[in-house]
file start-v1.txt (compact mmCIF, C-alpha atoms and all ligand atoms)
# COMPACT_ATOMS: atom_id res chain seq x y z
CA MET F 1 10.35 -28.24 17.75
CA ALA F 2 8.54 -31.29 16.48
CA THR F 3 9.40 -34.49 18.30
CA LYS F 4 10.98 -37.36 16.44
CA ARG F 5 8.51 -40.21 16.28
CA TYR F 6 8.86 -43.70 14.95
CA ASN F 7 6.31 -45.02 12.57
CA PRO F 8 6.80 -48.59 11.42
CA PHE F 9 5.75 -47.74 7.89
CA ALA F 10 7.48 -44.42 7.38
CA GLY F 11 10.60 -44.84 9.54
CA PHE F 12 11.80 -41.89 11.60
CA THR F 13 10.18 -38.64 10.68
CA GLU F 14 9.44 -35.25 12.11
CA ASN F 15 6.54 -34.69 9.80
CA GLU F 16 3.05 -35.58 11.07
CA ASP F 17 1.78 -36.12 7.54
CA GLU F 18 4.55 -38.55 6.70
CA ALA F 19 4.06 -40.29 10.02
CA ILE F 20 0.65 -41.48 8.95
CA ALA F 21 1.62 -42.66 5.49
CA THR F 22 0.56 -46.25 4.96
CA GLY F 23 1.51 -48.93 2.49
CA ILE F 24 -1.15 -47.75 0.11
CA GLY F 25 -0.70 -44.03 0.51
CA ALA F 26 -1.46 -41.45 3.14
CA ARG F 27 -5.08 -40.72 3.85
CA LYS F 28 -5.54 -37.47 5.61
CA VAL F 29 -8.45 -35.87 3.85
CA VAL F 30 -10.37 -37.63 1.12
CA ALA F 31 -11.54 -35.13 -1.44
CA GLY F 32 -14.73 -35.67 -3.36
CA GLU F 33 -18.27 -36.74 -2.80
CA ILE F 34 -17.93 -38.33 0.64
CA PRO F 35 -19.68 -36.26 3.33
CA PRO F 36 -17.64 -35.29 6.41
CA ILE F 37 -17.62 -38.30 8.75
CA THR F 38 -17.91 -37.52 12.45
CA GLU F 39 -18.84 -40.87 13.94
CA ILE F 40 -18.46 -44.59 13.37
CA PRO F 41 -21.69 -46.40 12.42
CA ILE F 42 -23.10 -49.34 14.37
CA ILE F 43 -24.34 -52.17 12.15
CA ASP F 44 -26.76 -54.77 13.47
CA LEU F 45 -25.53 -58.10 12.06
CA ALA F 46 -28.64 -60.09 13.07
CA ASP F 47 -30.06 -60.02 9.53
CA GLY F 48 -26.66 -60.94 8.15
CA PHE F 49 -27.28 -64.44 9.57
CA SER F 50 -30.81 -64.63 8.09
CA SER F 51 -31.72 -67.28 5.52
CA ASP F 52 -33.41 -64.51 3.53
CA LEU F 53 -30.99 -63.17 0.91
CA LYS F 54 -32.81 -59.84 0.79
CA LYS F 55 -32.11 -59.29 4.48
CA ARG F 56 -28.45 -60.25 4.08
CA LYS F 57 -28.17 -57.83 1.16
CA ALA F 58 -29.63 -55.01 3.24
CA VAL F 59 -26.91 -55.54 5.88
CA ALA F 60 -24.30 -55.73 3.11
CA LYS F 61 -25.47 -52.36 1.81
CA GLU F 62 -24.81 -50.76 5.20
CA ILE F 63 -21.39 -52.40 5.19
CA PHE F 64 -20.64 -50.93 1.75
CA THR F 65 -21.48 -47.42 2.94
CA ALA F 66 -19.37 -47.76 6.09
CA CYS F 67 -16.38 -49.26 4.23
CA SER F 68 -16.37 -46.73 1.44
CA GLN F 69 -16.80 -43.74 3.75
CA ILE F 70 -14.87 -44.34 6.98
CA GLY F 71 -13.53 -47.91 6.74
CA PHE F 72 -14.67 -48.64 10.32
CA PHE F 73 -17.92 -49.87 11.86
CA TYR F 74 -19.12 -51.47 15.07
CA VAL F 75 -21.10 -54.72 14.88
CA LYS F 76 -23.73 -55.84 17.36
CA ASN F 77 -25.59 -59.18 17.35
CA HIS F 78 -22.43 -60.75 15.96
CA ASN F 79 -23.13 -64.23 17.40
CA VAL F 80 -20.03 -64.40 19.62
CA ALA F 81 -21.23 -65.29 23.12
CA PRO F 82 -20.50 -62.68 25.82
CA GLU F 83 -18.95 -65.29 28.13
CA VAL F 84 -16.51 -66.34 25.41
CA VAL F 85 -15.38 -62.70 25.16
CA GLU F 86 -15.18 -62.17 28.94
CA GLN F 87 -13.19 -65.35 29.53
CA ALA F 88 -10.72 -64.43 26.77
CA GLN F 89 -10.27 -60.96 28.28
CA GLN F 90 -9.62 -62.42 31.74
CA ALA F 91 -7.17 -64.99 30.35
CA GLY F 92 -5.42 -62.26 28.35
CA LEU F 93 -4.88 -60.16 31.46
CA ARG F 94 -3.53 -63.20 33.32
CA PHE F 95 -0.90 -63.71 30.63
CA PHE F 96 0.48 -60.17 30.94
CA GLN F 97 -0.01 -59.65 34.67
CA ALA F 98 0.64 -63.06 36.26
CA LEU F 99 3.70 -64.12 34.24
CA THR F 100 7.18 -62.70 34.77
CA HIS F 101 9.11 -61.14 31.89
CA ASP F 102 11.25 -64.28 31.62
CA GLN F 103 8.18 -66.52 31.54
CA LYS F 104 6.66 -64.44 28.73
CA MET F 105 9.96 -64.55 26.83
CA GLU F 106 9.61 -68.35 26.71
CA TYR F 107 7.10 -67.64 23.93
CA SER F 108 9.17 -64.91 22.29
CA MET F 109 8.67 -64.09 18.62
CA ALA F 110 12.47 -64.05 18.38
CA LYS F 111 12.41 -67.80 19.07
CA ASN F 112 9.84 -68.52 16.40
CA LYS F 113 11.21 -70.61 13.60
CA SER F 114 9.49 -68.91 10.73
CA GLU F 115 6.84 -66.33 11.43
CA TYR F 116 5.73 -63.19 13.25
CA TYR F 117 3.97 -65.16 15.96
CA GLY F 118 4.65 -65.29 19.67
CA TYR F 119 5.36 -62.71 22.36
CA ALA F 120 6.83 -59.29 21.61
CA PRO F 121 7.97 -57.18 24.59
CA ARG F 122 8.04 -53.38 24.72
CA ALA F 123 11.69 -53.24 23.64
CA VAL F 124 14.15 -55.13 21.44
CA LYS F 125 17.84 -54.46 20.81
CA MET F 126 18.79 -53.54 17.26
CA PRO F 127 22.12 -54.62 15.72
CA ASP F 128 23.67 -51.18 16.23
CA GLY F 129 22.84 -51.41 19.94
CA ALA F 130 19.89 -49.05 19.65
CA ILE F 131 16.75 -50.08 21.49
CA LYS F 132 13.62 -50.30 19.38
CA ARG F 133 10.65 -49.55 21.58
CA ARG F 134 6.98 -50.28 21.15
CA MET F 135 4.34 -48.72 23.33
CA TYR F 136 2.71 -52.07 24.13
CA GLU F 137 3.33 -55.75 24.72
CA THR F 138 1.68 -58.31 22.52
CA ILE F 139 1.38 -62.00 21.75
CA HIS F 140 0.27 -63.35 18.37
CA TRP F 141 -1.04 -66.67 17.09
CA GLY F 142 -1.34 -67.53 13.41
CA TYR F 143 -3.71 -69.76 11.47
CA ASP F 144 -4.69 -72.98 13.22
CA ALA F 145 -6.95 -75.31 11.21
CA GLN F 146 -8.01 -77.06 14.44
CA LEU F 147 -9.61 -73.79 15.54
CA ASP F 148 -11.31 -73.08 12.19
CA PRO F 149 -14.82 -74.53 11.94
CA GLU F 150 -14.53 -74.42 8.13
CA ALA F 151 -10.96 -75.65 7.73
CA THR F 152 -10.17 -77.12 4.31
CA GLY F 153 -7.17 -79.17 5.40
CA ASP F 154 -4.87 -80.06 8.22
CA TRP F 155 -2.13 -77.44 8.10
CA ASP F 156 0.96 -77.16 10.24
CA SER F 157 0.55 -74.62 13.05
CA SER F 158 3.65 -75.41 15.09
CA TYR F 159 4.59 -71.72 14.88
CA ASN F 160 1.97 -71.07 17.56
CA PHE F 161 3.35 -70.92 21.12
CA TRP F 162 0.78 -71.75 23.81
CA PRO F 163 1.44 -71.52 27.56
CA SER F 164 0.72 -74.94 29.03
CA ASP F 165 -1.98 -75.62 31.63
CA ASP F 166 0.77 -75.82 34.28
CA VAL F 167 1.71 -72.22 33.58
CA LEU F 168 -1.75 -70.76 32.92
CA PRO F 169 -4.55 -73.26 33.59
CA GLY F 170 -7.25 -73.22 30.89
CA PHE F 171 -5.54 -70.47 28.90
CA ARG F 172 -5.22 -72.31 25.61
CA GLU F 173 -8.77 -73.61 25.76
CA VAL F 174 -10.30 -70.21 26.51
CA ILE F 175 -8.27 -68.31 23.90
CA GLY F 176 -8.92 -71.16 21.45
CA ARG F 177 -12.66 -70.86 21.97
CA TYR F 178 -12.50 -67.11 21.27
CA TYR F 179 -10.35 -67.77 18.18
CA THR F 180 -12.90 -70.26 16.83
CA SER F 181 -15.76 -67.83 17.44
CA VAL F 182 -14.12 -64.92 15.63
CA MET F 183 -12.99 -67.24 12.84
CA ALA F 184 -16.63 -68.22 12.27
CA LEU F 185 -17.63 -64.54 12.36
CA SER F 186 -14.85 -63.75 9.87
CA ARG F 187 -16.19 -66.28 7.39
CA LYS F 188 -19.63 -64.69 7.70
CA LEU F 189 -18.14 -61.20 7.23
CA LEU F 190 -16.26 -62.36 4.11
CA LYS F 191 -19.61 -63.31 2.58
CA LEU F 192 -21.17 -60.00 3.57
CA PHE F 193 -18.22 -58.07 2.10
CA ALA F 194 -18.68 -60.03 -1.14
CA LEU F 195 -22.40 -59.23 -1.20
CA SER F 196 -21.67 -55.58 -0.46
CA LEU F 197 -19.56 -55.49 -3.64
CA GLU F 198 -22.34 -57.20 -5.61
CA LEU F 199 -20.26 -60.36 -6.00
CA ASP F 200 -21.32 -63.95 -5.40
CA GLU F 201 -21.55 -64.43 -1.67
CA ASP F 202 -18.73 -67.00 -1.69
CA TYR F 203 -16.45 -64.95 -3.98
CA PHE F 204 -13.72 -64.37 -1.35
CA ASP F 205 -13.85 -67.92 0.05
CA ARG F 206 -11.35 -69.06 -2.60
CA PHE F 207 -8.79 -66.73 -0.97
CA ALA F 208 -9.41 -68.13 2.51
CA ARG F 209 -8.42 -71.82 2.34
CA HIS F 210 -5.35 -71.33 4.52
CA PRO F 211 -5.84 -67.71 5.52
CA GLY F 212 -3.03 -65.58 6.95
CA VAL F 213 -4.92 -64.73 10.12
CA LYS F 214 -3.48 -63.46 13.37
CA LEU F 215 -5.08 -63.34 16.80
CA ALA F 216 -3.30 -60.86 19.08
CA LEU F 217 -3.56 -59.82 22.70
CA ASN F 218 -2.33 -56.23 23.03
CA TYR F 219 -1.52 -55.04 26.53
CA TYR F 220 -1.12 -51.36 27.27
CA GLU F 221 0.27 -50.00 30.57
CA ALA F 222 -1.46 -46.97 32.05
CA ALA F 223 0.20 -43.72 30.93
CA ALA F 224 -0.35 -40.21 32.21
CA PRO F 225 -2.39 -37.82 30.01
CA GLN F 226 0.70 -35.65 29.45
CA ASN F 227 2.61 -38.70 28.18
CA PRO F 228 0.48 -40.20 25.38
CA GLU F 229 3.49 -41.89 23.83
CA GLY F 230 4.09 -43.78 27.07
CA SER F 231 1.48 -46.37 26.11
CA GLY F 232 -0.52 -47.09 23.00
CA ILE F 233 -0.06 -47.79 19.32
CA PHE F 234 1.08 -45.27 16.71
CA ALA F 235 -1.04 -44.23 13.76
CA HIS F 236 -1.15 -47.03 11.21
CA SER F 237 -3.43 -48.94 8.89
CA ASP F 238 -3.95 -52.70 9.22
CA LEU F 239 -2.47 -54.94 6.54
CA GLU F 240 -4.91 -57.77 6.21
CA VAL F 241 -8.41 -58.05 4.70
CA PHE F 242 -10.20 -56.81 7.80
CA THR F 243 -9.81 -56.71 11.59
CA ILE F 244 -12.26 -57.70 14.32
CA LEU F 245 -11.27 -55.72 17.41
CA CYS F 246 -12.48 -56.53 20.90
CA GLN F 247 -11.95 -53.70 23.37
CA ASP F 248 -12.27 -53.68 27.15
CA ASP F 249 -13.96 -50.67 28.78
CA VAL F 250 -11.02 -48.25 28.51
CA LYS F 251 -11.35 -45.45 25.95
CA SER F 252 -8.30 -45.13 23.74
CA LEU F 253 -8.82 -45.97 20.07
CA GLU F 254 -9.16 -43.12 17.55
CA VAL F 255 -9.82 -43.18 13.82
CA LEU F 256 -8.69 -40.63 11.24
CA SER F 257 -11.76 -39.16 9.62
CA ASN F 258 -11.93 -37.79 6.09
CA THR F 259 -12.05 -34.32 7.64
CA GLY F 260 -8.55 -34.87 9.04
CA ALA F 261 -9.90 -35.04 12.62
CA TRP F 262 -9.39 -37.98 14.98
CA ILE F 263 -12.72 -39.43 15.98
CA PRO F 264 -13.04 -41.69 19.02
CA ALA F 265 -13.95 -45.36 18.62
CA ASN F 266 -14.87 -45.75 22.28
CA PRO F 267 -15.85 -49.16 23.62
CA ILE F 268 -19.54 -50.06 23.28
CA PRO F 269 -20.51 -53.10 25.38
CA GLY F 270 -21.46 -56.16 23.34
CA THR F 271 -19.91 -54.88 20.10
CA PHE F 272 -16.74 -55.43 18.11
CA VAL F 273 -15.06 -52.81 15.95
CA ILE F 274 -14.50 -53.98 12.37
CA ASN F 275 -12.10 -52.16 10.08
CA VAL F 276 -11.02 -52.58 6.49
CA GLY F 277 -7.34 -53.53 6.06
CA ASP F 278 -4.96 -52.77 3.20
CA THR F 279 -5.73 -56.05 1.39
CA LEU F 280 -9.46 -55.36 1.05
CA SER F 281 -8.72 -51.76 0.16
CA MET F 282 -6.39 -52.99 -2.61
CA TRP F 283 -8.96 -55.52 -3.86
CA THR F 284 -11.47 -52.69 -4.18
CA ASN F 285 -8.90 -50.40 -5.83
CA GLY F 286 -9.14 -48.00 -2.90
CA ILE F 287 -12.95 -47.78 -2.87
CA PHE F 288 -12.97 -49.36 0.60
CA GLN F 289 -10.86 -47.29 2.99
CA SER F 290 -8.07 -48.90 4.98
CA THR F 291 -8.28 -46.18 7.56
CA ILE F 292 -5.51 -44.94 9.79
CA HIS F 293 -6.08 -45.40 13.50
CA ARG F 294 -4.12 -45.04 16.73
CA ALA F 295 -4.56 -45.59 20.45
CA TYR F 296 -3.05 -43.61 23.34
CA ASN F 297 -3.80 -45.20 26.68
CA ILE F 298 -4.07 -42.14 28.89
CA GLU F 299 -7.17 -42.95 30.96
CA GLY F 300 -4.97 -44.02 33.88
CA LYS F 301 -5.86 -47.73 33.60
CA THR F 302 -4.17 -50.70 32.01
CA ARG F 303 -5.91 -51.74 28.79
CA LEU F 304 -6.26 -55.02 26.89
CA SER F 305 -7.45 -55.18 23.30
CA ILE F 306 -7.86 -58.34 21.25
CA PRO F 307 -7.54 -57.79 17.51
CA PHE F 308 -8.20 -60.66 15.12
CA PHE F 309 -6.59 -59.80 11.79
CA PHE F 310 -8.20 -61.76 8.98
CA GLY F 311 -5.59 -62.09 6.22
CA ALA F 312 -6.11 -63.88 2.90
CA ASP F 313 -4.20 -66.93 1.66
CA GLN F 314 -0.56 -65.92 1.75
CA ASP F 315 0.24 -67.26 -1.71
CA ALA F 316 -2.65 -65.40 -3.36
CA VAL F 317 -1.86 -62.61 -5.78
CA MET F 318 -3.76 -59.32 -5.75
CA GLU F 319 -6.17 -58.94 -8.62
CA THR F 320 -8.38 -55.89 -8.40
CA LEU F 321 -12.11 -56.63 -8.59
CA PRO F 322 -13.16 -55.76 -12.14
CA SER F 323 -16.19 -53.83 -10.87
CA CYS F 324 -13.85 -51.47 -8.99
CA VAL F 325 -11.83 -50.53 -12.06
CA SER F 326 -12.80 -47.79 -14.48
CA GLU F 327 -11.11 -45.47 -16.93
CA SER F 328 -10.80 -42.82 -14.24
CA ASN F 329 -9.74 -45.38 -11.59
CA PRO F 330 -7.40 -47.87 -13.30
CA ALA F 331 -6.20 -50.93 -11.34
CA LYS F 332 -3.42 -49.82 -8.98
CA PHE F 333 -2.37 -52.91 -7.04
CA ASN F 334 -2.44 -55.89 -9.40
CA GLY F 335 0.32 -58.44 -9.00
CA ILE F 336 1.14 -57.76 -5.34
CA GLN F 337 1.71 -61.05 -3.53
CA ILE F 338 -0.50 -60.90 -0.47
CA GLY F 339 1.75 -62.79 1.96
CA ALA F 340 4.86 -60.91 0.87
CA TYR F 341 3.08 -57.60 1.41
CA GLN F 342 2.01 -58.59 4.92
CA LYS F 343 5.43 -59.91 5.88
CA GLU F 344 7.35 -56.93 4.60
CA ARG F 345 5.19 -54.65 6.74
CA LEU F 346 5.26 -56.93 9.77
CA HIS F 347 9.02 -57.08 9.71
CA LEU F 348 9.21 -53.30 10.15
CA GLN F 349 6.98 -53.51 13.19
CA TYR F 350 8.52 -56.66 14.66
CA PRO F 351 12.18 -56.85 13.62
CA GLU F 352 12.72 -59.76 16.01
CA GLY F 353 10.29 -61.93 14.05
CA LYS F 354 11.09 -64.26 11.16
CA GLN F 355 14.08 -65.70 12.91
CA GLU F 356 16.39 -66.17 9.97
CA VAL F 357 15.92 -62.56 8.83
CA ALA F 358 16.21 -61.24 12.38
CA LYS F 359 19.34 -63.32 13.04
CA ALA F 360 20.95 -62.17 9.81
CA ASN F 361 20.26 -58.61 10.90
CA GLY F 362 21.63 -59.26 14.39
CA VAL F 363 18.41 -58.32 16.19
CA LYS F 364 18.17 -59.51 19.80
CA ALA F 365 15.04 -59.65 21.90
CA LEU F 366 15.54 -57.95 25.26
O1 LIG I 401 -5.73 -51.54 20.76
C1 LIG I 401 -6.42 -51.00 19.90
O2 LIG I 401 -7.48 -50.43 20.16
C2 LIG I 401 -5.99 -50.99 18.46
C3 LIG I 401 -4.98 -52.05 18.13
C4 LIG I 401 -4.55 -51.96 16.70
O3 LIG I 401 -4.89 -51.05 16.00
C5 LIG I 401 -3.70 -53.02 16.13
O4 LIG I 401 -3.20 -53.89 16.88
O5 LIG I 401 -3.52 -53.00 14.90
FE FE I 402 -4.59 -51.57 13.93

call {"tool": "encode", "arguments": {"input": "start-v1.txt", "output": "structure tokens"}}
result
Amino acid sequence: MATKRYNPFAGFTENEDEAIATGIGARKVVAGEIPPITEIPIIDLADGFSSDLKKRKAVAKEIFTACSQIGFFYVKNHNVAPEVVEQAQQAGLRFFQALTHDQKMEYSMAKNKSEYYGYAPRAVKMPDGAIKRRMYETIHWGYDAQLDPEATGDWDSSYNFWPSDDVLPGFREVIGRYYTSVMALSRKLLKLFALSLELDEDYFDRFARHPGVKLALNYYEAAAPQNPEGSGIFAHSDLEVFTILCQDDVKSLEVLSNTGAWIPANPIPGTFVINVGDTLSMWTNGIFQSTIHRAYNIEGKTRLSIPFFFGADQDAVMETLPSCVSESNPAKFNGIQIGAYQKERLHLQYPEGKQEVAKANGVKAL
């Protein structure tokens, strides 16, 4: 008999196909002209930073192919210093391993006044007494203009909970440095995505004045190979424009190919994994793939991943790029409010977030 599994987007289901449905439709096998994809491309970003537009366009072309075929690619020569990455990974591990449960709960998402930021443990208690379990622990920080080298204003970021130096010396500084580095990379990627779609390089900048970004530390316990659902993250697509994922050296992440097979996105030293999220897929009317992925941590080691979800301005409204609309592919997502879309999805995954909603629903963090 099929096991009952929880998918934040589809609810409880016994059907594998339903379990991987996303906000913008299931993607098991993409029919049509796309060749079968068996691996994730590696794109060298060095020329993306060149002052020569031709070189930037050549990188953008590779990005177009990757985004329209598999929705995932690795980047190397991304300009984030290796020591910034290593220090963030070490600090991340300290948060999960050196603090007690009660100390971590000081930063609980359930205490957050307005947003899905803060610490989320592996289990929360639902109003009917049922325990909602996740296969990982995580802590999230939202947009912080102080950490954005191209900030357009001084926005409130009091929803971000930071352990003080007394609790974890240097933590905020080290994670902040990583945040700033991937924020700068994100702004470069936005320009390359625009170029890849033959738009002005700064086309998407107007949607990134107060972007709905989220830096997360995901911590996965070691689970036995026969117990994949003991640790990991269920099949899902990301909600935002794109994600920059930093992995440690533990193999776990898998990506659903257009053949219907899961292909590994194993760690490659010095790279990040970039994937298209639902928002960019919607902007491109589905031409860019917001691809389903999952991670089962069954290598017998604990694992830390650091996703940076780059979301657009929360008050922006989805308007499909005109070049992605045709008679045979009419605009499908116009009018969706970007922040509302993100929040609706996040609430399914983190029912303890958004305190007033959670309180009204009687959700308690454990
Ligand atoms: O940990 C990973 O490799 C993937 C994490 C992920 O997909 C997510 O947090 O959305
Ligand atoms: Fe993801």

call {"tool": "closest_residue", "arguments": {"input": "start-v1.txt", "among": "F:Gln90, F:Thr291, F:Asn334, F:Thr302", "to": "ligand FE 402 (chain I)", "atoms": "all atoms listed in the file"}}
result
F:Thr291

call {"tool": "closest_atom_pairs", "arguments": {"input": "start-v1.txt", "of": "chain F", "to": "ligand FE 402 (chain I)", "cutoff": "9 Å", "atoms": "all atoms listed in the file", "output": "CSV"}}
result
residue,atom,partner,partner_atom,distance
F:Ile233,CA,I:FE402,FE,8.0
F:Phe234,CA,I:FE402,FE,8.9
F:Ala235,CA,I:FE402,FE,8.2
F:His236,CA,I:FE402,FE,6.3
F:Ser237,CA,I:FE402,FE,5.8
F:Asp238,CA,I:FE402,FE,4.9
F:Leu239,CA,I:FE402,FE,8.4
F:Thr243,CA,I:FE402,FE,7.7
F:Leu245,CA,I:FE402,FE,8.6
F:Asn275,CA,I:FE402,FE,8.5
F:Gly277,CA,I:FE402,FE,8.6
F:Ile292,CA,I:FE402,FE,7.9
F:His293,CA,I:FE402,FE,6.4
F:Arg294,CA,I:FE402,FE,7.1
F:Ala295,CA,I:FE402,FE,8.8
F:Pro307,CA,I:FE402,FE,7.8
F:Phe309,CA,I:FE402,FE,8.7

call {"tool": "closest_atom_pairs", "arguments": {"input": "start-v1.txt", "of": "range 131-192 of chain F", "to": "range 101-104 of chain F", "cutoff": "10 Å", "atoms": "all atoms listed in the file", "output": "JSON lines"}}
result
{"residue": "F:Ile139", "atom": "CA", "partner": "F:Lys104", "partner_atom": "CA", "distance": 9.1}
{"residue": "F:Pro163", "atom": "CA", "partner": "F:Lys104", "partner_atom": "CA", "distance": 8.9}
{"residue": "F:Val167", "atom": "CA", "partner": "F:Gln103", "partner_atom": "CA", "distance": 8.9}

call {"tool": "closest_residue", "arguments": {"input": "start-v1.txt", "among": "F:Ser290, F:Thr259, F:Ser323, F:Ser281", "to": "ligand LIG 401 (chain I)", "atoms": "only C-alpha atoms and all ligand atoms"}}
result
F:Ser290

call {"tool": "atom_distance", "arguments": {"input": "start-v1.txt", "atom1": "CA of Gly311 in chain F", "atom2": "CA of Glu240 in chain F"}}
result
4.4 Å

call {"tool": "decode", "arguments": {"input": "start-v1.txt", "residues": "range 265-343 of chain F", "atoms": "C-alpha atoms", "output": "PDB file, in the first residue's frame"}}
result
ATOM      1  CA  ALA F 265      22.558  17.632  -8.063  1.00  0.00           C
ATOM      2  CA  ASN F 266      25.578  16.503  -6.074  1.00  0.00           C
ATOM      3  CA  PRO F 267      27.832  19.094  -4.449  1.00  0.00           C
ATOM      4  CA  ILE F 268      30.630  20.445  -6.658  1.00  0.00           C
ATOM      5  CA  PRO F 269      33.260  22.374  -4.679  1.00  0.00           C
ATOM      6  CA  GLY F 270      33.353  26.097  -5.416  1.00  0.00           C
ATOM      7  CA  THR F 271      29.930  26.178  -7.092  1.00  0.00           C
ATOM      8  CA  PHE F 272      26.395  27.182  -6.182  1.00  0.00           C
ATOM      9  CA  VAL F 273      23.266  25.573  -7.583  1.00  0.00           C
ATOM     10  CA  ILE F 274      20.881  28.099  -9.141  1.00  0.00           C
ATOM     11  CA  ASN F 275      17.279  27.198  -9.854  1.00  0.00           C
ATOM     12  CA  VAL F 276      14.331  28.998 -11.388  1.00  0.00           C
ATOM     13  CA  GLY F 277      11.448  29.635  -8.956  1.00  0.00           C
ATOM     14  CA  ASP F 278       7.724  29.918  -9.647  1.00  0.00           C
ATOM     15  CA  THR F 279       7.861  33.721 -10.027  1.00  0.00           C
ATOM     16  CA  LEU F 280      10.370  33.659 -12.896  1.00  0.00           C
ATOM     17  CA  SER F 281       8.532  30.734 -14.448  1.00  0.00           C
ATOM     18  CA  MET F 282       5.307  32.777 -14.321  1.00  0.00           C
ATOM     19  CA  TRP F 283       7.009  35.862 -15.779  1.00  0.00           C
ATOM     20  CA  THR F 284       8.163  33.739 -18.706  1.00  0.00           C
ATOM     21  CA  ASN F 285       4.734  32.113 -19.073  1.00  0.00           C
ATOM     22  CA  GLY F 286       6.226  28.728 -18.237  1.00  0.00           C
ATOM     23  CA  ILE F 287       9.116  28.934 -20.717  1.00  0.00           C
ATOM     24  CA  PHE F 288      11.576  28.860 -17.805  1.00  0.00           C
ATOM     25  CA  GLN F 289      11.009  25.752 -15.705  1.00  0.00           C
ATOM     26  CA  SER F 290      10.412  26.025 -11.970  1.00  0.00           C
ATOM     27  CA  THR F 291      11.614  22.508 -11.476  1.00  0.00           C
ATOM     28  CA  ILE F 292      10.613  20.128  -8.723  1.00  0.00           C
ATOM     29  CA  HIS F 293      13.410  19.006  -6.446  1.00  0.00           C
ATOM     30  CA  ARG F 294      13.816  17.083  -3.202  1.00  0.00           C
ATOM     31  CA  ALA F 295      16.543  16.021  -0.799  1.00  0.00           C
ATOM     32  CA  TYR F 296      16.760  12.839   1.293  1.00  0.00           C
ATOM     33  CA  ASN F 297      19.694  12.904   3.663  1.00  0.00           C
ATOM     34  CA  ILE F 298      20.644   9.241   3.745  1.00  0.00           C
ATOM     35  CA  GLU F 299      24.447   9.412   3.471  1.00  0.00           C
ATOM     36  CA  GLY F 300      24.760   8.875   7.225  1.00  0.00           C
ATOM     37  CA  LYS F 301      26.015  12.419   7.947  1.00  0.00           C
ATOM     38  CA  THR F 302      24.346  15.580   9.138  1.00  0.00           C
ATOM     39  CA  ARG F 303      23.916  18.090   6.314  1.00  0.00           C
ATOM     40  CA  LEU F 304      23.673  21.877   6.130  1.00  0.00           C
ATOM     41  CA  SER F 305      22.417  23.694   3.059  1.00  0.00           C
ATOM     42  CA  ILE F 306      22.117  27.461   2.694  1.00  0.00           C
ATOM     43  CA  PRO F 307      19.466  28.538   0.193  1.00  0.00           C
ATOM     44  CA  PHE F 308      19.076  32.215  -0.668  1.00  0.00           C
ATOM     45  CA  PHE F 309      15.641  32.701  -2.195  1.00  0.00           C
ATOM     46  CA  PHE F 310      15.543  35.839  -4.300  1.00  0.00           C
ATOM     47  CA  GLY F 311      11.924  37.040  -4.346  1.00  0.00           C
ATOM     48  CA  ALA F 312      10.650  40.130  -6.163  1.00  0.00           C
ATOM     49  CA  ASP F 313       9.041  43.190  -4.572  1.00  0.00           C
ATOM     50  CA  GLN F 314       6.106  41.839  -2.605  1.00  0.00           C
ATOM     51  CA  ASP F 315       3.646  44.447  -3.857  1.00  0.00           C
ATOM     52  CA  ALA F 316       4.474  43.806  -7.526  1.00  0.00           C
ATOM     53  CA  VAL F 317       1.825  42.256  -9.725  1.00  0.00           C
ATOM     54  CA  MET F 318       2.636  39.510 -12.217  1.00  0.00           C
ATOM     55  CA  GLU F 319       2.644  40.670 -15.806  1.00  0.00           C
ATOM     56  CA  THR F 320       3.861  38.085 -18.272  1.00  0.00           C
ATOM     57  CA  LEU F 321       6.743  39.232 -20.470  1.00  0.00           C
ATOM     58  CA  PRO F 322       5.201  40.099 -23.840  1.00  0.00           C
ATOM     59  CA  SER F 323       7.911  38.154 -25.682  1.00  0.00           C
ATOM     60  CA  CYS F 324       6.798  34.981 -23.883  1.00  0.00           C
ATOM     61  CA  VAL F 325       3.182  35.238 -25.008  1.00  0.00           C
ATOM     62  CA  SER F 326       1.898  33.931 -28.319  1.00  0.00           C
ATOM     63  CA  GLU F 327      -1.361  32.716 -29.795  1.00  0.00           C
ATOM     64  CA  SER F 328      -0.480  29.151 -28.861  1.00  0.00           C
ATOM     65  CA  ASN F 329       0.843  30.187 -25.416  1.00  0.00           C
ATOM     66  CA  PRO F 330      -1.492  32.902 -24.074  1.00  0.00           C
ATOM     67  CA  ALA F 331      -0.600  34.666 -20.797  1.00  0.00           C
ATOM     68  CA  LYS F 332      -1.508  32.350 -17.914  1.00  0.00           C
ATOM     69  CA  PHE F 333      -0.496  34.164 -14.736  1.00  0.00           C
ATOM     70  CA  ASN F 334      -1.288  37.858 -15.164  1.00  0.00           C
ATOM     71  CA  GLY F 335      -2.647  39.674 -12.129  1.00  0.00           C
ATOM     72  CA  ILE F 336      -1.169  37.398  -9.456  1.00  0.00           C
ATOM     73  CA  GLN F 337       0.163  39.498  -6.594  1.00  0.00           C
ATOM     74  CA  ILE F 338       3.696  38.291  -6.022  1.00  0.00           C
ATOM     75  CA  GLY F 339       3.842  38.696  -2.236  1.00  0.00           C
ATOM     76  CA  ALA F 340       0.418  37.140  -1.722  1.00  0.00           C
ATOM     77  CA  TYR F 341       1.445  34.134  -3.811  1.00  0.00           C
ATOM     78  CA  GLN F 342       4.617  33.630  -1.772  1.00  0.00           C
ATOM     79  CA  LYS F 343       2.853  34.028   1.558  1.00  0.00           C
TER      80      LYS F 343
END
